[in-house]
Amino acid sequence: MSEVAEEDAARRHREKMEKRKAVQDAEVAGKSIAEKGLLMVHTGPGKGKSTAAFGLALRAMGHGLKVGVVQFGKGAWDTGERRILEKLGAEEELLCWRTLGEGFTWETQDRARDEAAARRAWDAAKEMMADASIRLLVLDELSIALRYEHLPLCEVIEELARRRGDLHIVVTGRNAKPELIAIADLVTEMTLVKHHFQAGVKAQKGVEF
């Protein structure tokens, strides 16, 4: 490419980016709400819902914000995310983690136990919602508890809708209820395109847990 052609390409790129910046600046300037506690929902059949939630937890802790985590259904898994987040949060007491499930419902095969475990987890979640020091709350697999009706949907929706104004909440799990989606500020659906499990690969340390 000649020097003249390079200069012309650079000029056209600069003009394009100037226009793009003007559009972006105008869009940002049009937002009037400086801060708001968000209800975020990660759902869908694809992998990465909880992973994304724990990424938000790491980001919040990096800013010195205290994080609460309540896990529904999964049971006492020894996960890498819990290990590292508890290690990072220990010194400044930036993490409160409660795992209160007894395993997935197809593992327990006992509805009464599942409902009792979900109630314990939900009670812990409400305690954290009332704790003014917690700024981000991850309700991992809450959507699963709602899907199997282990908790009253109306009660959960009412509590989430009236959360504190400075509290961010992330709800994960497949098949999020329409009522939950309706009150959420942000909904992300993880789409399954391809998964190694379908090819016979088992859950692996550092990837699934």
# chains A, B, ... in the order shown; residues from 1 in each chain; ligands from 1

$ closest_atom_pairs --of "region 91-151 of chain A" --to "region 166-179 of chain A" --cutoff "12 Å" --atoms "only C-alpha atoms" --output "CSV"
residue,atom,partner,partner_atom,distance
A:Ala125,CA,A:Ile169,CA,10.2
A:Lys126,CA,A:Ile169,CA,11.5
A:Met128,CA,A:Leu167,CA,10.0
A:Met129,CA,A:Leu167,CA,7.6
A:Ala130,CA,A:Leu167,CA,9.6
A:Asp131,CA,A:Leu167,CA,9.7
A:Ala132,CA,A:Leu167,CA,8.3
A:Ser133,CA,A:Leu167,CA,9.5
A:Ile134,CA,A:Leu167,CA,7.2
A:Arg135,CA,A:Leu167,CA,4.8
A:Leu136,CA,A:His168,CA,4.7
A:Leu137,CA,A:Ile169,CA,4.7
A:Val138,CA,A:Val170,CA,4.8
A:Leu139,CA,A:Val171,CA,4.9
A:Asp140,CA,A:Thr172,CA,5.0
A:Glu141,CA,A:Gly173,CA,4.4
A:Leu142,CA,A:Val171,CA,6.2
A:Ser143,CA,A:Gly173,CA,4.8
A:Ile144,CA,A:Gly173,CA,5.6
A:Ala145,CA,A:Gly173,CA,8.8
A:Leu146,CA,A:Lys177,CA,7.4
A:Arg147,CA,A:Asn175,CA,6.9
A:Tyr148,CA,A:Asn175,CA,10.3
A:Glu149,CA,A:Lys177,CA,10.7

$ residues_around --residues "region 80-96 of chain A" --least-positions-apart "3" --cutoff "7 Å" --atoms "only C-alpha atoms" --output "VMD selection string"
chain A and resid 61 65 to 69 206 209

$ write_last_selection --atoms "N, CA and C atoms" --output "PDB file, in the first residue's frame"
ATOM      1  N   MET A  61     -15.417  -7.892  44.860  1.00  0.00           N
ATOM      2  CA  MET A  61     -14.433  -7.981  45.939  1.00  0.00           C
ATOM      3  C   MET A  61     -13.192  -7.180  45.605  1.00  0.00           C
ATOM      4  N   LEU A  65     -15.954  -4.508  47.918  1.00  0.00           N
ATOM      5  CA  LEU A  65     -17.358  -4.701  48.258  1.00  0.00           C
ATOM      6  C   LEU A  65     -17.564  -6.115  48.809  1.00  0.00           C
ATOM      7  N   LYS A  66     -18.351  -6.213  49.864  1.00  0.00           N
ATOM      8  CA  LYS A  66     -18.604  -7.521  50.469  1.00  0.00           C
ATOM      9  C   LYS A  66     -19.614  -8.298  49.640  1.00  0.00           C
ATOM     10  N   VAL A  67     -19.363  -9.599  49.491  1.00  0.00           N
ATOM     11  CA  VAL A  67     -20.186 -10.476  48.653  1.00  0.00           C
ATOM     12  C   VAL A  67     -20.779 -11.591  49.501  1.00  0.00           C
ATOM     13  N   GLY A  68     -22.037 -11.901  49.241  1.00  0.00           N
ATOM     14  CA  GLY A  68     -22.677 -13.055  49.851  1.00  0.00           C
ATOM     15  C   GLY A  68     -22.978 -14.086  48.778  1.00  0.00           C
ATOM     16  N   VAL A  69     -22.824 -15.355  49.114  1.00  0.00           N
ATOM     17  CA  VAL A  69     -23.138 -16.447  48.188  1.00  0.00           C
ATOM     18  C   VAL A  69     -23.994 -17.470  48.928  1.00  0.00           C
ATOM     19  N   GLY A 206     -11.330 -27.608  37.691  1.00  0.00           N
ATOM     20  CA  GLY A 206     -10.854 -26.393  37.034  1.00  0.00           C
ATOM     21  C   GLY A 206     -11.723 -25.951  35.870  1.00  0.00           C
ATOM     22  N   PHE A 209     -15.776 -27.563  38.207  1.00  0.00           N
ATOM     23  CA  PHE A 209     -15.801 -27.309  39.651  1.00  0.00           C
ATOM     24  C   PHE A 209     -14.422 -26.920  40.143  1.00  0.00           C
TER      25      PHE A 209
END

$ residues_around --residues "region 193-196 of chain A" --least-positions-apart "2" --cutoff "12 Å" --atoms "only C-alpha atoms" --output "list in words"
Gly44, Pro45, Gly46, Lys47, Gly48, Met190, Thr191, Gln198, Ala199, Gly200, Val201, Lys202, Ala203, Gln204, Val207 and Glu208 of chain A

$ write_last_selection --atoms "N, CA, C and O atoms" --output "short mmCIF file (atom, residue, chain, number, x, y, z; two decimals), in the first residue's frame"
data_model
loop_
_atom_site.label_atom_id
_atom_site.label_comp_id
_atom_site.auth_asym_id
_atom_site.auth_seq_id
_atom_site.Cartn_x
_atom_site.Cartn_y
_atom_site.Cartn_z
N GLY A 44 -30.68 -20.25 30.90
CA GLY A 44 -30.41 -20.89 29.62
C GLY A 44 -29.74 -22.24 29.76
O GLY A 44 -29.18 -22.57 30.81
N PRO A 45 -29.72 -23.03 28.68
CA PRO A 45 -29.17 -24.39 28.72
C PRO A 45 -27.65 -24.45 28.58
O PRO A 45 -27.06 -25.51 28.74
N GLY A 46 -27.02 -23.34 28.28
CA GLY A 46 -25.57 -23.35 28.07
C GLY A 46 -24.77 -23.30 29.36
O GLY A 46 -25.27 -22.90 30.42
N LYS A 47 -23.54 -23.69 29.28
CA LYS A 47 -22.62 -23.68 30.42
C LYS A 47 -22.15 -22.25 30.70
O LYS A 47 -21.97 -21.46 29.78
N GLY A 48 -21.93 -21.91 31.96
CA GLY A 48 -21.32 -20.62 32.29
C GLY A 48 -22.14 -19.70 33.15
O GLY A 48 -21.71 -18.57 33.44
N MET A 190 -27.60 -18.13 28.48
CA MET A 190 -26.46 -18.88 27.96
C MET A 190 -26.99 -19.91 26.94
O MET A 190 -27.81 -20.76 27.29
N THR A 191 -26.53 -19.82 25.71
CA THR A 191 -27.01 -20.71 24.65
C THR A 191 -26.03 -21.87 24.46
O THR A 191 -24.83 -21.66 24.34
N GLN A 198 -21.41 -34.05 25.97
CA GLN A 198 -22.13 -34.83 24.97
C GLN A 198 -21.21 -35.78 24.20
O GLN A 198 -21.66 -36.74 23.59
N ALA A 199 -19.91 -35.49 24.27
CA ALA A 199 -18.92 -36.35 23.61
C ALA A 199 -18.32 -37.36 24.58
O ALA A 199 -17.36 -38.05 24.25
N GLY A 200 -18.88 -37.41 25.81
CA GLY A 200 -18.44 -38.40 26.77
C GLY A 200 -17.38 -37.92 27.75
O GLY A 200 -16.82 -38.73 28.50
N VAL A 201 -17.10 -36.62 27.78
CA VAL A 201 -16.09 -36.09 28.69
C VAL A 201 -16.73 -35.77 30.03
O VAL A 201 -17.70 -35.02 30.11
N LYS A 202 -16.18 -36.33 31.10
CA LYS A 202 -16.73 -36.12 32.45
C LYS A 202 -16.38 -34.72 32.96
O LYS A 202 -15.51 -34.04 32.42
N ALA A 203 -17.07 -34.32 34.04
CA ALA A 203 -16.79 -33.04 34.70
C ALA A 203 -15.35 -33.05 35.19
O ALA A 203 -14.88 -34.02 35.79
N GLN A 204 -14.64 -31.96 34.95
CA GLN A 204 -13.22 -31.87 35.27
C GLN A 204 -12.92 -30.74 36.25
O GLN A 204 -13.53 -29.67 36.19
N VAL A 207 -12.66 -26.80 35.46
CA VAL A 207 -13.58 -26.44 34.37
C VAL A 207 -15.01 -26.44 34.90
O VAL A 207 -15.72 -25.45 34.81
N GLU A 208 -15.44 -27.57 35.45
CA GLU A 208 -16.80 -27.67 36.00
C GLU A 208 -16.87 -27.35 37.49
O GLU A 208 -17.91 -26.99 38.00
#

$ select_by_dssp --residues "region 52-93 of chain A" --states "alpha helix (DSSP H)" --output "number ranges by chain"
A: 52-62, 80-90

$ atom_distance --atom1 "CA of Ala112 (chain A)" --atom2 "CA of Gln71 (chain A)"
18.0 Å

$ select_by_dssp --residues "region 14-136 of chain A" --states "strand (DSSP E or B)" --output "list in words"
Leu39, Met40, Val41, His42, Thr43, Lys66, Val67, Gly68, Val69, Val70, Gln71, Leu95, Cys96, Trp97, Arg98, Thr99, Ile134, Arg135 and Leu136 of chain A

$ write_last_selection --atoms "N, CA, C and O atoms" --output "short mmCIF file (atom, residue, chain, number, x, y, z; two decimals), in the first residue's frame"
data_model
loop_
_atom_site.label_atom_id
_atom_site.label_comp_id
_atom_site.auth_asym_id
_atom_site.auth_seq_id
_atom_site.Cartn_x
_atom_site.Cartn_y
_atom_site.Cartn_z
N LEU A 39 -31.01 -6.51 39.79
CA LEU A 39 -31.35 -7.92 39.85
C LEU A 39 -30.96 -8.52 38.51
O LEU A 39 -31.51 -8.16 37.47
N MET A 40 -29.97 -9.40 38.55
CA MET A 40 -29.43 -10.00 37.33
C MET A 40 -29.74 -11.49 37.30
O MET A 40 -29.60 -12.17 38.33
N VAL A 41 -30.15 -11.99 36.16
CA VAL A 41 -30.53 -13.39 36.01
C VAL A 41 -29.67 -14.02 34.93
O VAL A 41 -29.62 -13.53 33.80
N HIS A 42 -29.00 -15.11 35.28
CA HIS A 42 -28.24 -15.90 34.32
C HIS A 42 -28.98 -17.22 34.12
O HIS A 42 -29.10 -18.01 35.06
N THR A 43 -29.48 -17.46 32.92
CA THR A 43 -30.28 -18.65 32.68
C THR A 43 -29.91 -19.25 31.33
O THR A 43 -28.94 -18.84 30.70
N LYS A 66 -18.35 -6.21 49.86
CA LYS A 66 -18.60 -7.52 50.47
C LYS A 66 -19.61 -8.30 49.64
O LYS A 66 -20.62 -7.75 49.17
N VAL A 67 -19.36 -9.60 49.49
CA VAL A 67 -20.19 -10.48 48.65
C VAL A 67 -20.78 -11.59 49.50
O VAL A 67 -20.11 -12.15 50.37
N GLY A 68 -22.04 -11.90 49.24
CA GLY A 68 -22.68 -13.05 49.85
C GLY A 68 -22.98 -14.09 48.78
O GLY A 68 -23.33 -13.73 47.65
N VAL A 69 -22.82 -15.35 49.11
CA VAL A 69 -23.14 -16.45 48.19
C VAL A 69 -23.99 -17.47 48.93
O VAL A 69 -23.63 -17.92 50.01
N VAL A 70 -25.13 -17.81 48.35
CA VAL A 70 -25.96 -18.89 48.86
C VAL A 70 -26.16 -19.88 47.73
O VAL A 70 -26.64 -19.51 46.65
N GLN A 71 -25.79 -21.13 47.98
CA GLN A 71 -25.93 -22.16 46.95
C GLN A 71 -27.11 -23.07 47.26
O GLN A 71 -27.20 -23.67 48.32
N LEU A 95 -16.31 -11.88 52.15
CA LEU A 95 -17.13 -12.96 51.60
C LEU A 95 -17.87 -13.70 52.70
O LEU A 95 -17.31 -14.06 53.72
N CYS A 96 -19.16 -13.93 52.45
CA CYS A 96 -19.99 -14.80 53.31
C CYS A 96 -20.59 -15.86 52.41
O CYS A 96 -21.41 -15.54 51.54
N TRP A 97 -20.18 -17.11 52.57
CA TRP A 97 -20.57 -18.19 51.65
C TRP A 97 -21.33 -19.26 52.43
O TRP A 97 -20.84 -19.78 53.42
N ARG A 98 -22.53 -19.58 51.94
CA ARG A 98 -23.33 -20.63 52.57
C ARG A 98 -23.77 -21.63 51.50
O ARG A 98 -24.45 -21.26 50.54
N THR A 99 -23.35 -22.87 51.64
CA THR A 99 -23.80 -23.94 50.76
C THR A 99 -24.78 -24.79 51.55
O THR A 99 -24.39 -25.46 52.49
N ILE A 134 -23.41 -6.28 52.92
CA ILE A 134 -23.30 -7.07 51.70
C ILE A 134 -23.84 -6.27 50.52
O ILE A 134 -24.96 -5.78 50.55
N ARG A 135 -23.02 -6.13 49.49
CA ARG A 135 -23.40 -5.32 48.33
C ARG A 135 -23.71 -6.14 47.09
O ARG A 135 -24.35 -5.64 46.17
N LEU A 136 -23.25 -7.38 47.05
CA LEU A 136 -23.56 -8.29 45.95
C LEU A 136 -23.91 -9.64 46.52
O LEU A 136 -23.17 -10.18 47.35
#

$ closest_residue --among "A:Ser50, A:Ser32, A:Gln24, A:Ser2" --to "Thr188 (chain A)" --atoms "only C-alpha atoms"
A:Ser50

$ residues_around --residues "Leu151 (chain A)" --least-positions-apart "3" --cutoff "8 Å" --atoms "only C-alpha atoms" --output "list in words"
Glu115, Ala118, Arg119, Ala145, Leu146, Glu155 and Val156 of chain A

$ atom_distance --atom1 "CA of Ala57 (chain A)" --atom2 "CA of Ala182 (chain A)"
23.5 Å
